[in-house]
Amino acid sequence: MIIRQIYDRLYLFYGPQQWWPGDSPFEIAVGAILTQNTNWSNVEMAIKNLKREKALNAKTLHDLPIEKLASIIKPAGYFNVKARRLKAFIEFLVNNYNSSMEGMKEEETDPLRENLLNIHGIGHETADSILLYALDKPVFVIDVYTKRVLSRHGIMDYNVNYGEYQYLFHQELDKDIHLFNEYHALFVKTGKDYCRPKSRCEKCPLKDIDSK
């Protein structure tokens, strides 16, 4: 089974990745929204700003003027857009779960995922990152690194939609939170180190793997 083979090869090569960085489920959810279209170092700066302002909690963010929030998260880029998205998520959390990530975690995965996808600015990757990393739900996160690795090894065309990519992992693997967590993180690591837009295949741990 090639999907499992890829995981085993990457895990042996890299070891555990200890994802997702964050001190609480709420911080992880905020980070998942802030990391859209930017790199993690920029998100870390934005989160440090939120902590310095003592604003990394649902009540404070809910009450914070959106202009102030945008200025705090400026290092994450697209700060006006992301401020609106964060506000939309906070509104959802406050109105439906009394600001409690634990309350959200008690919901069934499928309806919760649909509700997350209905929040302004939250797409499939962000919703699934919140589900997996903040709420311990067994959903596989698909990102550009996953698609790049699988398409370059002839497993699935890059332009296939998100749902079909996700179905492949849900079909081929046990729905194991730890496995999904590690596997996604390993794809990110591989994508940054080797499977870049201009590939560096010579020393890649997957260089001799293909779909045949």
# chains A, B, ... in the order shown; residues from 1 in each chain; ligands from 1
>>> residues_around(residues="Tyr158 of chain A", least_positions_apart="2", cutoff="8 Å", atoms="only C-alpha atoms", output="JSON, numbers by chain")
{"A": [147, 148, 150, 151, 156, 160]}
>>> write_last_selection(atoms="C-alpha atoms", output="PDB file, in the first residue's frame")
ATOM      1  CA  LYS A 147      -0.612  17.355  -3.536  1.00  0.00           C
ATOM      2  CA  ARG A 148       2.867  18.111  -4.835  1.00  0.00           C
ATOM      3  CA  LEU A 150       1.629  12.612  -4.556  1.00  0.00           C
ATOM      4  CA  SER A 151       1.324  14.123  -8.021  1.00  0.00           C
ATOM      5  CA  MET A 156      -2.899  11.408  -8.082  1.00  0.00           C
ATOM      6  CA  VAL A 160      -7.829  16.664  -8.388  1.00  0.00           C
TER       7      VAL A 160
END
>>> residues_around(residues="Asn37 of chain A", least_positions_apart="6", cutoff="10 Å", atoms="only C-alpha atoms", output="list of chain:residue names")
A:Ala76, A:Gly77, A:Tyr78
>>> residues_around(residues="Ala70 of chain A", least_positions_apart="5", cutoff="8 Å", atoms="only C-alpha atoms", output="PyMOL selection string")
chain A and resi 79-80+82-83
>>> write_last_selection(atoms="C-alpha atoms", output="CSV table (one decimal), in the first residue's frame")
chain,number,residue,atom,x,y,z
A,79,PHE,CA,-4.0,41.4,8.5
A,80,ASN,CA,-7.2,43.1,7.7
A,82,LYS,CA,-7.3,37.7,8.7
A,83,ALA,CA,-8.8,40.0,11.4
>>> residues_around(residues="Lys105 of chain A", least_positions_apart="6", cutoff="10 Å", atoms="only C-alpha atoms", output="ChimeraX atom specification")
/A:25,97,112,131,134-137
>>> select_by_dssp(residues="chain A", states="alpha helix (DSSP H)", output="VMD selection string")
chain A and resid 2 to 14 25 to 34 40 to 52 58 to 63 66 to 72 79 to 97 101 to 105 109 to 117 124 to 129 144 to 152 162 to 172 177 to 193
>>> residues_around(residues="Asp110 of chain A", least_positions_apart="5", cutoff="10 Å", atoms="only C-alpha atoms", output="compact mmCIF listing (two decimals) with C-alpha atoms, in the first residue's frame")
# COMPACT_ATOMS: atom_id res chain seq x y z
CA ASN A 115 -20.33 24.40 10.33
CA LEU A 116 -16.67 25.41 10.26
CA LYS A 137 -10.75 14.70 15.24
CA VAL A 139 -9.55 14.02 9.54
>>> residues_around(residues="Leu173 of chain A", least_positions_apart="4", cutoff="8 Å", atoms="only C-alpha atoms", output="short mmCIF file (atom, residue, chain, number, x, y, z; two decimals) with C-alpha atoms, in the first residue's frame")
data_model
loop_
_atom_site.label_atom_id
_atom_site.label_comp_id
_atom_site.auth_asym_id
_atom_site.auth_seq_id
_atom_site.Cartn_x
_atom_site.Cartn_y
_atom_site.Cartn_z
CA ILE A 3 0.22 5.59 0.98
CA ARG A 4 1.40 3.69 4.05
CA PHE A 169 -6.06 8.88 2.87
#
>>> closest_atom_pairs(of="segment 131-177 of chain A", to="segment 193-207 of chain A", cutoff="9 Å", atoms="only C-alpha atoms", output="tab-separated table")
residue	atom	partner	partner_atom	distance
A:Tyr145	CA	A:Cys195	CA	7.4
A:Arg148	CA	A:Cys195	CA	7.0
A:Val149	CA	A:Cys195	CA	6.4
A:Arg152	CA	A:Cys195	CA	8.7
A:His153	CA	A:Lys207	CA	8.7
>>> closest_atom_pairs(of="segment 75-138 of chain A", to="segment 45-59 of chain A", cutoff="7 Å", atoms="only C-alpha atoms", output="CSV")
residue,atom,partner,partner_atom,distance
A:Pro75,CA,A:Ala46,CA,5.4
A:Ala76,CA,A:Ala46,CA,5.7
A:Ile90,CA,A:Ala58,CA,6.1
A:Ser99,CA,A:Ala58,CA,5.8
>>> closest_residue(among="A:Thr146, A:Pro138, A:Tyr162, A:Leu179", to="Gly191 of chain A", atoms="only C-alpha atoms")
A:Thr146
>>> residues_around(residues="segment 184-187 of chain A", least_positions_apart="2", cutoff="7 Å", atoms="only C-alpha atoms", output="PyMOL selection string")
chain A and resi 10+17+19+141+145-146+180-182+189-191
>>> write_last_selection(atoms="C-alpha atoms", output="PDB file, in the first residue's frame")
ATOM      1  CA  LEU A  10       9.207   9.643   5.876  1.00  0.00           C
ATOM      2  CA  GLN A  17       7.453  16.188  14.132  1.00  0.00           C
ATOM      3  CA  TRP A  19       2.902  19.194  15.516  1.00  0.00           C
ATOM      4  CA  VAL A 141      -5.393  17.646   6.215  1.00  0.00           C
ATOM      5  CA  TYR A 145       2.815  19.835  -0.081  1.00  0.00           C
ATOM      6  CA  THR A 146       0.623  16.721  -0.008  1.00  0.00           C
ATOM      7  CA  PHE A 180      -2.879  11.736  10.561  1.00  0.00           C
ATOM      8  CA  ASN A 181      -1.084  14.333  12.664  1.00  0.00           C
ATOM      9  CA  GLU A 182       2.376  12.967  11.948  1.00  0.00           C
ATOM     10  CA  LYS A 189       8.684  18.877   6.120  1.00  0.00           C
ATOM     11  CA  THR A 190       9.324  16.986   2.873  1.00  0.00           C
ATOM     12  CA  GLY A 191       7.747  19.742   0.800  1.00  0.00           C
TER      13      GLY A 191
END
>>> closest_residue(among="A:Leu69, A:Tyr165, A:Thr38, A:Ala127", to="Glu114 of chain A", atoms="only C-alpha atoms")
A:Ala127
>>> atom_distance(atom1="atom CA of Val94 of chain A", atom2="atom CA of Ile177 of chain A")
26.1 Å
